[in-house]
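Q: Input file: my_file_11.csv. Contents: CSV, C-alpha atoms.
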```csv
chain,number,residue,atom,x,y,z
A,271,MET,CA,69.1,149.2,-191.3
A,272,SER,CA,70.2,147.6,-188.1
A,273,PRO,CA,70.4,143.7,-187.9
A,274,ALA,CA,67.3,143.9,-185.6
A,275,ALA,CA,65.3,145.8,-188.2
A,276,ASP,CA,66.5,143.6,-191.0
A,277,LEU,CA,65.5,140.5,-189.0
A,278,ALA,CA,62.1,142.0,-188.1
A,279,SER,CA,61.4,142.6,-191.8
A,280,LEU,CA,61.9,138.8,-192.4
A,281,LEU,CA,59.8,137.5,-189.5
A,282,GLN,CA,56.1,137.5,-188.7
A,283,ILE,CA,55.6,138.5,-185.1
A,284,ARG,CA,52.5,137.6,-183.0
A,285,ARG,CA,51.5,138.6,-179.5
A,286,GLY,CA,49.3,136.4,-177.3
A,287,HIS,CA,49.8,133.5,-174.9
A,288,PHE,CA,52.0,130.8,-176.2
A,289,GLU,CA,53.6,127.6,-174.9
A,290,LEU,CA,57.1,127.4,-176.3
A,291,GLU,CA,59.1,124.2,-177.2
A,292,SER,CA,60.9,124.5,-173.9
A,293,GLY,CA,57.6,124.3,-172.0
A,294,HIS,CA,57.8,127.9,-170.9
A,295,HIS,CA,55.0,130.3,-171.5
A,296,GLY,CA,55.5,133.6,-173.2
A,297,ASP,CA,53.6,136.5,-174.9
A,298,LEU,CA,55.7,136.6,-178.0
A,299,TRP,CA,55.7,134.2,-181.0
A,300,LEU,CA,58.0,134.5,-184.0
A,301,ASP,CA,57.0,132.6,-187.1
A,302,LEU,CA,60.5,131.5,-187.9
A,303,GLU,CA,59.4,129.5,-191.0
A,304,SER,CA,59.3,132.9,-192.8
A,305,LEU,CA,63.0,133.7,-192.1
A,306,CYS,CA,64.5,132.2,-195.2
A,307,VAL,CA,61.7,132.9,-197.6
A,308,ARG,CA,64.0,135.7,-198.9
A,309,PRO,CA,67.3,133.9,-199.0
A,310,ARG,CA,69.4,136.9,-200.1
A,311,ALA,CA,68.2,138.9,-197.1
A,312,ALA,CA,68.8,136.0,-194.7
A,313,ARG,CA,72.3,135.5,-196.2
A,314,ALA,CA,73.2,139.1,-195.5
A,315,LEU,CA,72.5,138.5,-191.8
A,316,ALA,CA,74.4,135.2,-191.9
A,317,ILE,CA,77.4,137.0,-193.3
A,318,GLN,CA,77.4,139.4,-190.4
A,319,LEU,CA,77.1,136.6,-187.9
A,320,ALA,CA,79.9,134.7,-189.6
A,321,ALA,CA,82.2,137.7,-189.2
A,322,ARG,CA,81.4,137.6,-185.4
A,323,LEU,CA,82.2,133.9,-185.2
A,324,ALA,CA,85.3,133.8,-187.4
A,325,PRO,CA,87.7,134.8,-184.5
A,326,TYR,CA,86.7,131.5,-182.7
A,327,ASN,CA,88.1,129.5,-185.6
A,328,PRO,CA,85.4,126.8,-185.8
A,329,GLU,CA,86.0,123.8,-187.9
A,330,ILE,CA,82.3,123.0,-188.0
A,331,VAL,CA,79.1,125.0,-187.7
A,332,CYS,CA,76.1,123.1,-186.2
A,333,GLY,CA,72.5,124.2,-186.3
A,334,PRO,CA,69.3,122.7,-184.9
A,335,LEU,CA,66.6,121.8,-187.4
A,336,VAL,CA,64.8,123.4,-188.9
A,337,GLU,CA,65.3,127.1,-189.3
A,338,GLY,CA,68.5,127.3,-187.2
A,339,ALA,CA,70.1,124.8,-189.5
A,340,PHE,CA,69.3,127.0,-192.5
A,341,VAL,CA,71.1,129.9,-190.9
A,342,SER,CA,73.9,127.6,-189.8
A,343,LEU,CA,74.4,126.4,-193.3
A,344,LEU,CA,74.7,129.9,-194.6
A,345,VAL,CA,77.2,130.8,-191.9
A,346,ALA,CA,79.2,127.6,-192.6
A,347,ALA,CA,79.3,128.5,-196.3
A,348,GLU,CA,80.6,132.0,-195.4
A,349,LEU,CA,83.3,130.6,-193.0
A,350,ASN,CA,84.2,127.8,-195.4
A,351,THR,CA,83.7,125.2,-192.7
A,352,GLU,CA,81.9,121.9,-192.4
A,353,PHE,CA,78.2,121.9,-191.5
A,354,VAL,CA,76.2,119.5,-189.4
A,355,TYR,CA,72.8,119.7,-187.8
A,356,THR,CA,70.8,118.3,-184.9
A,357,GLN,CA,67.3,116.8,-185.1
A,358,PRO,CA,64.6,117.3,-182.4
A,359,HIS,CA,63.2,114.3,-180.5
A,360,ARG,CA,60.5,114.7,-177.9
A,361,ASP,CA,61.3,112.6,-174.7
A,362,PRO,CA,58.1,111.5,-173.0
A,363,ASP,CA,60.0,110.8,-169.8
A,364,VAL,CA,61.2,114.4,-169.3
A,365,GLY,CA,59.2,116.8,-167.2
A,366,LYS,CA,57.4,119.9,-168.3
A,367,LEU,CA,60.5,122.0,-169.1
A,368,PHE,CA,62.9,121.2,-172.0
A,369,PRO,CA,61.1,117.9,-173.1
A,370,VAL,CA,62.7,118.1,-176.6
A,371,GLN,CA,66.2,116.8,-177.1
A,372,TYR,CA,68.4,117.4,-180.1
A,373,ARG,CA,70.8,114.8,-181.6
A,374,LEU,CA,73.1,114.7,-184.5
A,375,PRO,CA,72.3,112.0,-187.1
A,376,THR,CA,74.5,108.9,-186.7
A,377,VAL,CA,76.6,109.7,-189.9
A,378,LEU,CA,77.5,113.1,-188.5
A,379,ARG,CA,78.5,112.1,-185.0
A,380,ARG,CA,82.2,111.6,-185.7
A,381,ILE,CA,83.3,115.0,-184.5
A,382,GLU,CA,85.4,114.2,-181.4
A,383,GLY,CA,87.8,117.0,-180.6
A,384,ARG,CA,86.6,119.2,-183.4
A,385,ARG,CA,85.9,122.9,-182.8
A,386,VAL,CA,82.2,123.6,-183.3
A,387,ALA,CA,80.2,126.8,-183.3
A,388,ILE,CA,76.5,126.3,-182.6
A,389,VAL,CA,74.3,128.7,-184.7
A,390,ASN,CA,70.6,129.2,-184.3
A,391,ASP,CA,68.2,131.7,-185.8
A,392,VAL,CA,66.7,133.1,-182.6
A,393,ILE,CA,67.4,132.0,-179.0
A,394,ASN,CA,64.6,132.5,-176.5
A,395,ALA,CA,64.4,129.9,-173.7
A,396,GLY,CA,67.2,128.1,-175.5
A,397,SER,CA,65.7,124.7,-175.9
A,398,ALA,CA,67.2,123.9,-179.3
A,399,VAL,CA,70.7,125.3,-178.4
A,400,ARG,CA,70.6,123.6,-175.0
A,401,GLY,CA,69.8,120.2,-176.6
A,402,THR,CA,72.4,120.7,-179.4
A,403,LEU,CA,75.1,121.6,-176.9
A,404,ALA,CA,74.3,118.5,-174.8
A,405,ASP,CA,74.6,116.2,-177.7
A,406,LEU,CA,77.8,117.8,-179.0
A,407,THR,CA,79.2,117.3,-175.5
A,408,VAL,CA,78.2,113.6,-175.7
A,409,CYS,CA,80.1,113.5,-179.0
A,410,SER,CA,83.2,115.0,-177.3
A,411,ALA,CA,83.2,118.0,-179.6
A,412,GLU,CA,84.7,121.3,-178.4
A,413,VAL,CA,82.0,124.0,-178.5
A,414,VAL,CA,83.8,127.3,-179.1
A,415,ALA,CA,80.9,129.7,-179.5
A,416,ILE,CA,77.2,130.1,-179.8
A,417,GLY,CA,75.9,132.4,-182.4
A,418,THR,CA,72.4,133.7,-183.1
A,419,LEU,CA,70.7,136.4,-185.2
A,420,LEU,CA,68.6,137.4,-182.2
A,421,ALA,CA,68.8,136.8,-178.5
A,422,LEU,CA,65.5,137.3,-176.6
A,423,GLY,CA,65.5,138.1,-172.9
A,424,SER,CA,68.2,136.9,-170.4
A,425,ALA,CA,68.0,133.1,-171.0
A,426,PRO,CA,70.5,133.1,-173.9
A,427,THR,CA,73.2,134.8,-171.9
A,428,GLU,CA,72.5,132.6,-168.9
A,429,LEU,CA,72.7,129.5,-171.0
A,430,ALA,CA,76.0,130.6,-172.5
A,431,ASN,CA,77.4,131.6,-169.1
A,432,GLN,CA,76.4,128.2,-167.6
A,433,ALA,CA,78.1,126.4,-170.5
A,434,ALA,CA,81.2,128.7,-170.3
A,435,VAL,CA,80.8,129.4,-174.0
A,436,PRO,CA,80.9,132.8,-175.6
A,437,LEU,CA,77.6,134.1,-177.1
A,438,GLU,CA,77.5,136.2,-180.2
A,439,ALA,CA,74.2,137.8,-181.1
A,440,LEU,CA,73.6,140.2,-183.9
A,441,ALA,CA,70.7,141.7,-182.0
A,442,SER,CA,69.0,141.3,-178.6
A,443,GLU,CA,65.6,142.3,-177.4
A,444,PRO,CA,63.9,142.1,-174.0
A,445,ASN,CA,61.5,139.3,-173.5
A,446,ARG,CA,59.5,137.6,-170.8
A,447,LEU,CA,59.1,133.9,-170.1
A,448,TRP,CA,57.4,132.1,-167.3
A,449,THR,CA,57.1,128.5,-166.0
A,450,PRO,CA,53.5,127.3,-166.4
A,451,GLU,CA,53.0,127.5,-162.7
A,452,ALA,CA,54.1,131.2,-162.6
A,453,CYS,CA,52.5,132.4,-165.8
A,454,PRO,CA,50.4,135.6,-165.3
A,455,LEU,CA,48.6,135.0,-168.6
A,456,CYS,CA,47.3,131.7,-167.3
A,457,ALA,CA,46.2,133.4,-164.1
A,458,LYS,CA,44.2,135.8,-166.2
A,459,GLY,CA,42.6,132.9,-168.1
A,460,LEU,CA,43.9,133.9,-171.5
A,461,PRO,CA,43.7,131.0,-174.0
A,462,LEU,CA,47.0,129.1,-174.5
A,463,VAL,CA,48.4,128.4,-178.0
A,464,LEU,CA,50.5,125.2,-177.7
A,465,PHE,CA,53.8,124.7,-179.5
A,466,PRO,CA,53.3,122.1,-182.2
A,467,GLY,CA,56.6,120.3,-181.5
A,468,PRO,CA,58.2,117.2,-183.1
```
Could you spell out this file's structure in structure tokens?

A:
Amino acid sequence: MSPAADLASLLQIRRGHFELESGHHGDLWLDLESLCVRPRAARALAIQLAARLAPYNPEIVCGPLVEGAFVSLLVAAELNTEFVYTQPHRDPDVGKLFPVQYRLPTVLRRIEGRRVAIVNDVINAGSAVRGTLADLTVCSAEVVAIGTLLALGSAPTELANQAAVPLEALASEPNRLWTPEACPLCAKGLPLVLFPGP
């Protein structure tokens, strides 16, 4: 099977009207909590992603909690690198879009000048990767690549291009996101399922 088919077999997929962590609205929801229920299958995908990231010679692999960190840990094990993670924190002072920031725990912040690959499970609007990238920059790490099992829509590529960091995705699928003001599902009056968030 292809990586996309393998990934689809591990995830529960729902259609509807959802508010994502980023604050965007979309019609696709992936229950990412189910991704690592079958660790051997998830590891097989992580091995493929590790092979794509190996040419960038990362010293550290960093993943956002929760599910992205699980994939990141598997990739780090395959690459025989160090592993760190970022934790989500909701900032009440941030506007509607990207209100969740991601930070490395204090004990893991000593990574100045180290080569880091960010690894996530799925990148949609890119909230977790965006937040992780911002904090790694604060820590003066050198982000050498972004890796993901699945890139949804154009936002992952746009984020990587904006950061001037290569994006490696095992699979990509089209997807639609809208700001709350421009959401056609809101205009139709469809009930909104809110992202639970930290």

Q: Measuring between all atoms listed in the file, which one of A:Ala421, A:Val435, A:His287, A:Ala415 shows the shortest distance to Lys458 of chain A?

A: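 That would be A:His287, the residue with the smallest distance to Lys458 of chain A.
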
Q: Please tell me which residues are no farther than 9 Å from (80.6, 127.1, -189.1) in the file, counting all atoms listed in the file, and write them as a list of chain:residue names.

A: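 The residues that fall inside the cut-off are A:Ala320, A:Leu323, A:Ala324, A:Asn327, A:Pro328, A:Glu329, A:Ile330, A:Val331, A:Cys332, A:Ser342, A:Leu343, A:Leu344, A:Val345, A:Ala346, A:Ala347, A:Glu348, A:Leu349, A:Asn350, A:Thr351, A:Glu352, A:Phe353, A:Val354, A:Val386, A:Ala387, A:Ile388, A:Val389.
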
Q: Counting only C-alpha atoms, which of A:Gln318, A:Thr418, A:Thr402, A:Ser292 gets nearest to Ala439 of chain A?

A: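 With only C-alpha atoms as the atom set, the closest residue is A:Thr418.
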
Q: For Ser397 of chain A, which of A:Val413, A:Leu367, A:Ile283, A:Leu460 is the closest residue, counting only C-alpha atoms?

A: A:Leu367

Q: Which of these, A:Arg400, A:Arg360, A:Arg379, A:Arg284, has the shortest distance to Leu302 of chain A once you count all atoms listed in the file?

A: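 Distance minimum relative to Leu302 of chain A lands on A:Arg284.
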
Q: When you draw a straight line from atom CA of Ala411 of chain A to atom CA of Arg385 of chain A, how long is it in Å?

A: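 So the two atoms, atom CA of Ala411 of chain A and atom CA of Arg385 of chain A, lie 6.4 Å apart.
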
Q: Quick check, in Å to one decimal: how far apart do atom CA of Ser272 of chain A and atom CA of Glu337 of chain A lie?

A: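 Distance reported for this atom pair: 21.1 Å.
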
Q: Can you tell me how far atom CA of Arg446 of chain A sits from atom CA of Asp391 of chain A, in Å to one decimal?

A: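 Atom CA of Asp391 of chain A lies at a distance of 18.3 Å from atom CA of Arg446 of chain A.
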
Q: Might you pull out every residue within 10 Å of Ser279 of chain A, with all atoms listed in the file counted and same-chain residues fewer than 6 positions away left off, and present them as an NGL selection string?

A: :A and (273 or 304-305 or 311)

Q: Determine the nearest neighbour of Gly383 of chain A from the options A:Ser410, A:Asn431, A:Gly459, A:Arg313, counting all atoms listed in the file.

A: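 Among the listed residues, A:Ser410 lies closest to Gly383 of chain A.
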
Q: I'd like to know which of A:Leu280, A:Arg384, A:Leu420, A:Pro426 is closest to Val307 of chain A, using all atoms listed in the file.

A: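 Of the candidates, the smallest distance to Val307 of chain A is held by A:Leu280.
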
Q: For a quick check of your reading of the model, name the residues lying within 12 Å of the coordinate (58.9, 131.8, -164.7), counting only C-alpha atoms, and write them as a list in words.

A: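 Result, sorted by chain then residue number: Ser292, Gly293, His294, His295, Gly296, Leu367, Ala395, Ala425, Asn445, Arg446, Leu447, Trp448, Thr449, Pro450, Glu451, Ala452, Cys453, Pro454, Leu455 and Cys456 of chain A.
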